[in-house]
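Visitor: Handing you a structure now.
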Amino acid sequence: MNRYPLWKYIVVAVALLIGVLYTLPNFYGESPAVQVSPGKAVAKVDVATLNKVETALNNAKLPFERSQLDGNNIRVRFADTDTQLKAKSVLEEQLGKDYVVALNLLTRSPGWLSSIHSMPMYLGLDLRGGVHFLLQVDMKAAIDKAVDRYATDVRGALREKKIQYLSVSRQGQAVEVKFSSEAERGKAKEELSSKQADLFFKEEQRGADLYLVATMRPEAQKLRQDLDLKQNLTTLRNRVNELGVAEPIIQQQGEDRIVVQLPGVQDTGRAKQILGRTATLELRMADFTDTEILGATQGQMPLGAELMKERDGQPVLVRKNVVLTGEYITDASPGFDEHGRAAVHMTLDGRGARIFQQLTRENVGKRMAILLIEKGQAEVVTAPVIQTEIGGGRVQITGMRSPEESNDIALLLRAGALAAPMEIIEERTVGPSLGADNIERGFNSTLIGFAGIVLFMIVYYRAFGVIASFALGVNILLLVALLSMLQATLTLPGIAGIALTVGMAIDANVLIFERIREELRAGNSPQAAIHAGYDRAWDTIFDSNLTTLIAGFFLFWLGSGPVRGFAVTLCLGILTSQFSAVTVSRAVVNLTYGRMKRIDKLSIG
C-alpha cells in the first residue's frame with residue numbers, strides 16, 4: 001500500500017544529486033580578479049597578450065593564483081584585494097590605452113563543476129554593491145533627427161525628378177515644401193507619396209503661397225521610437241562589456257527609460273564615461289602630395305590639415321574638414337573584398353549616398369581617408385585612392401586585419417552611437433560593505449526561520465517532523481540549484497522570496513500530517529492512515545499552490561526589478577515545495593514504514 005516503485009526512488013535520488021551538484025558552487029566563494037579586455041575594436045586579446053600580462057605581474061612580484069584566456073578576455077585571479085588593486089595599476093601602465101583593465105570577482109568553484117555548467121548564482125546590486133542609473137531617452141530629439149533626414153530626402157527626391165519648388169524647411173516635427181504653382185505641388189505630392197510611406201502629405205494654402213506639409217504617421221513615429229530605444233539598449237550593452245561586469249542589468253523601463261545596474265562597480269565616474277562612449281566613422285579627403293606629407297612630418301603643416309598614421313605606420317595627411325560621418329550609415333556587415341580579404345560593407349541612407357557619389361565623382365584619382373573615431377581617438381583604418389564614381393549607397397571598407405576585426409567594426413558602426421540622446425535622471429551607489437551586510441542578514445533570517453520551523457515540527461510531530469524537516473531542506477537545496485542553473489540574479493527581495501518559501505513549504509506537510517491524525521482517530525490502521533493522508537491532502541495542496549503560483553506569475557509579468565526577483569524565487573519555490581513536501585517526504589515515509597507488516601503506533605505526536 002505504501003510502497004513506491006523503483007523508478008520513483010530513482011527520480012528522487014537523481015533530483016537530490018542534481019540539487020547538490022548545482023548548489024555546491026555557491027559555497028566556494030569568489031576570488032578577486034582583474035579582467036583585461038580590448039579597449040578598442042581594433043585591439044585583440046590572444047596568447048601573446050596573456051604572456052605579456054603574466055610577465056608584467058611577475059616582474060612586479062605580484063603573485064597570482066591563475067590566469068586564463070577566456071574568449072576575448074584575460075582573467076587573472078589573486079588571493080586578496082590588495083594584490084588585485086596593485087595588479088590593476090601595473091597592467092594599465094604596461095598595456096596602455098588599447099586595453100581596459102577592470103576589477104572583477106570570479107567564482108572559486110573547481111573546474112569539474114564548471115565543465116558541467118554548474119555555476120553560482122549572480123548577486124544583484126543590493127547584495128554585491130555597485131551603481132544604478134536610470135536613463136531618460138529624449139524621444140522628441142529622436143523624432144527631430146528623423147524629420148531632418150526626411151527633409152533631406154524630400155529635397156533630393158524633388159531635385160532628382162526636376163520638380164520645381166521654392167523652399168524645403170522643417171517646422172517643428174513637420175517638413176514644409178513651398179511651391180509657386182498648383183501643378184508642381186500636385187506632381188510633388190504624387191512622387192513623394194509613392195516613395196515616403198512613413199509620411200502623411202497635406203496640401204495647404206497661406207495667402208498666395210502654396211505648401212505641401214509632410215508629417216510622420218503615428219505608427220511610423222511609434223516604430224521609430226521603438227527602434228531607437230532598442231538600438232540604445234544594444235549600444236549600452238556593448239559599452240558595459242568594457243567595464244568587465246559579469247552580470248549587468250540593462251533593461252527597458254516604461255516607454256522611454258532604461259535601467260542600468262552594474263554590480264561590483266564602485267567608480268560612478270568611470271561608469272558614466274563608458275555609458276557616454278561613442279564610435280563612428282568619418283570620411284576625409286587626403287589629397288596631398290608626397291612633398292606636403294614629407295613637410296608635415298618635419299613640422300611644416302599645411303593649413304587645415306592633420307597628420308596621422310595608417311596601420312602600417314605610414315604617415316597620412318588628412319584634411320580636418322569632414323565630408324561624411326557615420327550618422328548616414330543605415331547598416332554595416334562584415335564580409336570580404338574581391339581578393340578574399342576581410343572588409344566591412346556599409347549601406348548609406350539617401351542623403352549619404354548622394355554625398356558619397358558626388359564626392360567620388362569629383363575626386364577621382366585622389367586619396368580618401370576612412371577614420372574610425374572611438375573614445376575621442378581617431379585612427380586611419382584605410383586611405384584608398386578613388387578609382388571611379390561610386391553610387392547606390394553601398395560602400396566597402398578594406399584594410400581589416402582579420403575577419404574578427406571586421407565583425408567588431410561592423411558591430412560598432414551598427415550600434416556604436418546612440419540613436420537618441422539620453423540623460424541620467426537617477427543615480428545610486430551601493431557600497432560593498434552594505435551588500436555584505438544585506439547578505440549576512442538575509443542568510444541569517446532564512447537560517448533562523450528554518451531552525452525555528454524544524455524545532456516546531458520535531459516537537460509537534462516527532463518522527464514525522466524529522467521527515468518534514470528533511471523534505472524542507474531538500475526544498476531549499478532544489479530551489480538554490482534551480483536559481484543557479486538558470487543563472488538568475490539573486491537580490492534582497494529574492495532572499496525574501498526564499499524565506500517566504502521556507503514558511504509556505506511546510507504547510508503541505510502540516511496538512512498531510514493532520515489528515516493522517518484524523519484517519520488514526522477515525523480508527524483506521526496506521527498504513528491506511530498514511531495512504532489516506534497523502535492521497536486526500538493532495539488536492540488541497542495543489543489548489544493552494546496553484547493560486548499562489550498564479551499570483552507569482554502576474555507579479556513577474558507586470559512587475560519590474562525587485563518585484564520580479566521576488567516573483568521568480570516565489571514561483572520556483574512553489575514548484576520545488578510541491579515536489580519535496582509530497583514526493584520526497586512520502587518516499588522517506590514509505591522507506592521507513594512501508595515495508596513493515598505490522599505497525600502498532602505512528603510517531604506523529
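Following the order of the C-alpha cells, chains are lettered A, B, ..., residues in each are numbered from 1, and ligands are numbered from 1.
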Please provide the set of residues having any atom within 9 Å of region 193-196 of chain A, restricted to only C-alpha atoms, with same-chain residues fewer than 5 positions apart removed, written as a PyMOL selection string.

Guide: chain A and resi 150+153-154+157+188+201

Visitor: Measure the distance from CA of Glu327 (chain A) to CA of Ala174 (chain A) in Å and round it to one decimal.

Guide: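 Those two atoms sit 20.9 Å apart.
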
Visitor: Using only C-alpha atoms, which protein or nucleic acid residues come within 12 Å of Asn524 (chain A)? Drop anything in the same chain fewer than 5 positions from it, and give the result as a PyMOL selection string.

Guide: chain A and resi 515-519+529-533+599-602

Visitor: Any chance you could export the current selection's N, CA, C and O atoms as a PDB file, in the first residue's frame?

Guide:
```pdb
ATOM      1  N   ARG A 515      -4.099  15.256   8.426  1.00  0.00           N
ATOM      2  CA  ARG A 515      -5.020  14.299   7.816  1.00  0.00           C
ATOM      3  C   ARG A 515      -4.742  12.890   8.323  1.00  0.00           C
ATOM      4  O   ARG A 515      -5.669  12.111   8.587  1.00  0.00           O
ATOM      5  N   ILE A 516      -3.452  12.560   8.460  1.00  0.00           N
ATOM      6  CA  ILE A 516      -3.085  11.236   8.996  1.00  0.00           C
ATOM      7  C   ILE A 516      -3.624  11.096  10.420  1.00  0.00           C
ATOM      8  O   ILE A 516      -4.167  10.044  10.798  1.00  0.00           O
ATOM      9  N   ARG A 517      -3.495  12.137  11.233  1.00  0.00           N
ATOM     10  CA  ARG A 517      -4.021  12.092  12.605  1.00  0.00           C
ATOM     11  C   ARG A 517      -5.537  11.856  12.619  1.00  0.00           C
ATOM     12  O   ARG A 517      -6.060  11.087  13.432  1.00  0.00           O
ATOM     13  N   GLU A 518      -6.264  12.538  11.704  1.00  0.00           N
ATOM     14  CA  GLU A 518      -7.710  12.351  11.636  1.00  0.00           C
ATOM     15  C   GLU A 518      -8.066  10.915  11.287  1.00  0.00           C
ATOM     16  O   GLU A 518      -9.011  10.330  11.841  1.00  0.00           O
ATOM     17  N   GLU A 519      -7.325  10.347  10.336  1.00  0.00           N
ATOM     18  CA  GLU A 519      -7.588   8.951   9.947  1.00  0.00           C
ATOM     19  C   GLU A 519      -7.324   8.003  11.110  1.00  0.00           C
ATOM     20  O   GLU A 519      -8.050   7.021  11.301  1.00  0.00           O
ATOM     21  N   ALA A 529      -3.930   5.004   7.253  1.00  0.00           N
ATOM     22  CA  ALA A 529      -3.930   6.429   7.594  1.00  0.00           C
ATOM     23  C   ALA A 529      -2.863   7.174   6.796  1.00  0.00           C
ATOM     24  O   ALA A 529      -3.106   8.295   6.310  1.00  0.00           O
ATOM     25  N   ILE A 530      -1.667   6.576   6.660  1.00  0.00           N
ATOM     26  CA  ILE A 530      -0.600   7.199   5.863  1.00  0.00           C
ATOM     27  C   ILE A 530      -1.046   7.352   4.421  1.00  0.00           C
ATOM     28  O   ILE A 530      -0.891   8.423   3.798  1.00  0.00           O
ATOM     29  N   HIS A 531      -1.604   6.295   3.860  1.00  0.00           N
ATOM     30  CA  HIS A 531      -2.041   6.319   2.456  1.00  0.00           C
ATOM     31  C   HIS A 531      -3.123   7.386   2.248  1.00  0.00           C
ATOM     32  O   HIS A 531      -3.054   8.178   1.298  1.00  0.00           O
ATOM     33  N   ALA A 532      -4.121   7.411   3.142  1.00  0.00           N
ATOM     34  CA  ALA A 532      -5.214   8.380   3.000  1.00  0.00           C
ATOM     35  C   ALA A 532      -4.716   9.800   3.238  1.00  0.00           C
ATOM     36  O   ALA A 532      -5.163  10.750   2.571  1.00  0.00           O
ATOM     37  N   GLY A 533      -3.790   9.973   4.184  1.00  0.00           N
ATOM     38  CA  GLY A 533      -3.275  11.306   4.484  1.00  0.00           C
ATOM     39  C   GLY A 533      -2.612  11.941   3.280  1.00  0.00           C
ATOM     40  O   GLY A 533      -2.878  13.116   2.955  1.00  0.00           O
ATOM     41  N   ILE A 599       2.285  -2.337  12.195  1.00  0.00           N
ATOM     42  CA  ILE A 599       2.674  -1.108  12.889  1.00  0.00           C
ATOM     43  C   ILE A 599       1.658  -0.874  13.997  1.00  0.00           C
ATOM     44  O   ILE A 599       0.450  -0.752  13.753  1.00  0.00           O
ATOM     45  N   ASP A 600       2.146  -0.826  15.220  1.00  0.00           N
ATOM     46  CA  ASP A 600       1.239  -0.605  16.339  1.00  0.00           C
ATOM     47  C   ASP A 600       0.919   0.872  16.525  1.00  0.00           C
ATOM     48  O   ASP A 600      -0.208   1.236  16.879  1.00  0.00           O
ATOM     49  N   LYS A 601       1.928   1.735  16.293  1.00  0.00           N
ATOM     50  CA  LYS A 601       1.724   3.149  16.559  1.00  0.00           C
ATOM     51  C   LYS A 601       2.649   3.986  15.683  1.00  0.00           C
ATOM     52  O   LYS A 601       3.794   3.599  15.435  1.00  0.00           O
ATOM     53  N   LEU A 602       2.133   5.121  15.209  1.00  0.00           N
ATOM     54  CA  LEU A 602       2.942   6.053  14.419  1.00  0.00           C
ATOM     55  C   LEU A 602       3.483   7.152  15.326  1.00  0.00           C
ATOM     56  O   LEU A 602       2.748   7.691  16.174  1.00  0.00           O
TER      57      LEU A 602
END
```

Visitor: Kindly give the distance, in Å, that separates CA of Val395 (chain A) and CA of Glu379 (chain A), rounded to a single decimal.

Guide: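 Separation of CA of Val395 (chain A) and CA of Glu379 (chain A): 18.5 Å.
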
Visitor: Between CA of Gln261 (chain A) and CA of Gly565 (chain A), measure the distance and give it in Å to one decimal.

Guide: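 If I compute the distance from CA of Gln261 (chain A) to CA of Gly565 (chain A), I get 14.0 Å.
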
Visitor: Let me make sure I understand: among A:Val568, A:Ala481, A:Leu50, A:Ile258, which one has the smallest atom-to-atom distance to Pro25 (chain A) if we use only C-alpha atoms?

Guide: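 Among the listed residues, A:Ala481 lies closest to Pro25 (chain A).
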
Visitor: Select, from A:Lys140, A:Lys61, A:Lys97, A:Lys162, the residue with the minimum atom-to-atom distance to Gln221 (chain A), counting only C-alpha atoms.

Guide: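 Comparing A:Lys140, A:Lys61, A:Lys97, A:Lys162 against Gln221 (chain A), the winner is A:Lys140.
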
Visitor: Can you list, as a PyMOL selection string, every protein, DNA or RNA residue that comes within 10 Å of Tyr4 (chain A) when you count only C-alpha atoms, leaving out same-chain residues fewer than 3 positions away?

Guide: chain A and resi 1+7-9+583+586-587+590-591+594

Visitor: Neighbouring residues of Ile604 (chain A) were defined as those with any atom within 6 Å, considering only C-alpha atoms; residues of the same chain fewer than 4 positions away were excluded. Please report them as a PyMOL selection string.

Guide: chain A and resi 461-462+464

Visitor: As a short mmCIF file (atom, residue, chain, number, x, y, z; two decimals) with N, CA and C atoms, in the first residue's frame, please: the residues near region 108-123 of chain A (cut-off 9 Å, only C-alpha atoms, same-chain neighbours under 3 positions excluded).

Guide:
```
data_model
loop_
_atom_site.label_atom_id
_atom_site.label_comp_id
_atom_site.auth_asym_id
_atom_site.auth_seq_id
_atom_site.Cartn_x
_atom_site.Cartn_y
_atom_site.Cartn_z
N LEU A 21 24.90 19.04 -6.81
CA LEU A 21 25.93 19.46 -7.77
C LEU A 21 25.77 20.92 -8.17
N TYR A 22 24.53 21.39 -8.33
CA TYR A 22 24.33 22.75 -8.81
C TYR A 22 24.18 23.77 -7.67
N THR A 23 24.15 23.27 -6.44
CA THR A 23 24.17 24.18 -5.29
C THR A 23 25.59 24.41 -4.80
N LEU A 24 26.46 23.42 -4.98
CA LEU A 24 27.84 23.48 -4.46
C LEU A 24 28.60 24.75 -4.82
N PRO A 25 28.56 25.23 -6.10
CA PRO A 25 29.37 26.41 -6.45
C PRO A 25 29.09 27.64 -5.60
N ASN A 26 27.90 27.72 -5.01
CA ASN A 26 27.56 28.89 -4.21
C ASN A 26 28.30 28.93 -2.87
N PHE A 27 28.95 27.82 -2.49
CA PHE A 27 29.64 27.76 -1.21
C PHE A 27 31.15 27.97 -1.34
N TYR A 28 31.66 28.07 -2.54
CA TYR A 28 33.11 28.21 -2.73
C TYR A 28 33.58 29.66 -2.62
N GLY A 29 32.68 30.60 -2.73
CA GLY A 29 33.07 32.00 -2.64
C GLY A 29 33.67 32.50 -3.95
N GLU A 30 34.25 33.71 -3.90
CA GLU A 30 34.78 34.35 -5.10
C GLU A 30 36.21 34.83 -4.89
N SER A 31 36.96 34.85 -5.96
CA SER A 31 38.34 35.34 -5.93
C SER A 31 38.40 36.76 -6.50
N ASP A 126 22.01 45.06 -4.72
CA ASP A 126 21.83 45.27 -3.28
C ASP A 126 22.64 44.29 -2.45
N LEU A 127 23.17 43.23 -3.07
CA LEU A 127 23.96 42.25 -2.34
C LEU A 127 25.45 42.40 -2.59
N ARG A 128 25.83 42.71 -3.80
CA ARG A 128 27.25 42.84 -4.13
C ARG A 128 27.72 44.29 -4.03
N GLY A 129 26.81 45.24 -4.15
CA GLY A 129 27.21 46.64 -4.26
C GLY A 129 27.43 47.00 -5.71
N ALA A 246 30.32 41.17 -14.81
CA ALA A 246 29.91 39.83 -15.20
C ALA A 246 28.41 39.72 -15.43
N GLU A 247 27.61 40.45 -14.67
CA GLU A 247 26.15 40.29 -14.77
C GLU A 247 25.43 41.63 -14.74
N PRO A 263 26.57 45.66 -10.95
CA PRO A 263 27.05 45.12 -9.68
C PRO A 263 28.57 45.04 -9.65
N VAL A 480 17.77 26.55 -4.64
CA VAL A 480 19.05 27.18 -4.92
C VAL A 480 19.67 26.61 -6.19
N ALA A 481 19.54 25.28 -6.38
CA ALA A 481 20.08 24.65 -7.59
C ALA A 481 19.40 25.19 -8.85
N LEU A 483 17.91 28.13 -9.24
CA LEU A 483 18.35 29.51 -9.45
C LEU A 483 19.75 29.55 -10.05
N SER A 484 20.61 28.63 -9.62
CA SER A 484 21.97 28.57 -10.17
C SER A 484 21.96 28.08 -11.61
N MET A 485 21.14 27.08 -11.90
CA MET A 485 21.05 26.55 -13.27
C MET A 485 20.53 27.61 -14.24
N LEU A 486 19.59 28.42 -13.78
CA LEU A 486 19.04 29.48 -14.62
C LEU A 486 19.92 30.72 -14.66
N GLN A 487 21.01 30.70 -13.86
CA GLN A 487 21.90 31.85 -13.74
C GLN A 487 21.10 33.11 -13.41
N ALA A 488 20.17 32.93 -12.46
CA ALA A 488 19.35 34.06 -12.02
C ALA A 488 20.18 35.00 -11.16
N THR A 489 19.76 36.24 -11.13
CA THR A 489 20.43 37.24 -10.29
C THR A 489 19.69 37.33 -8.96
N LEU A 490 20.36 36.94 -7.89
CA LEU A 490 19.75 36.95 -6.57
C LEU A 490 19.83 38.34 -5.96
N THR A 491 18.68 38.86 -5.55
CA THR A 491 18.61 40.18 -4.91
C THR A 491 18.04 40.01 -3.51
#
```

Visitor: Point out the residue among A:Thr576, A:Gln358, A:Thr446, A:Thr83 with the least atom-to-atom distance to Asn545 (chain A), counting only C-alpha atoms.

Guide: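 The closest residue to Asn545 (chain A) is A:Thr576.
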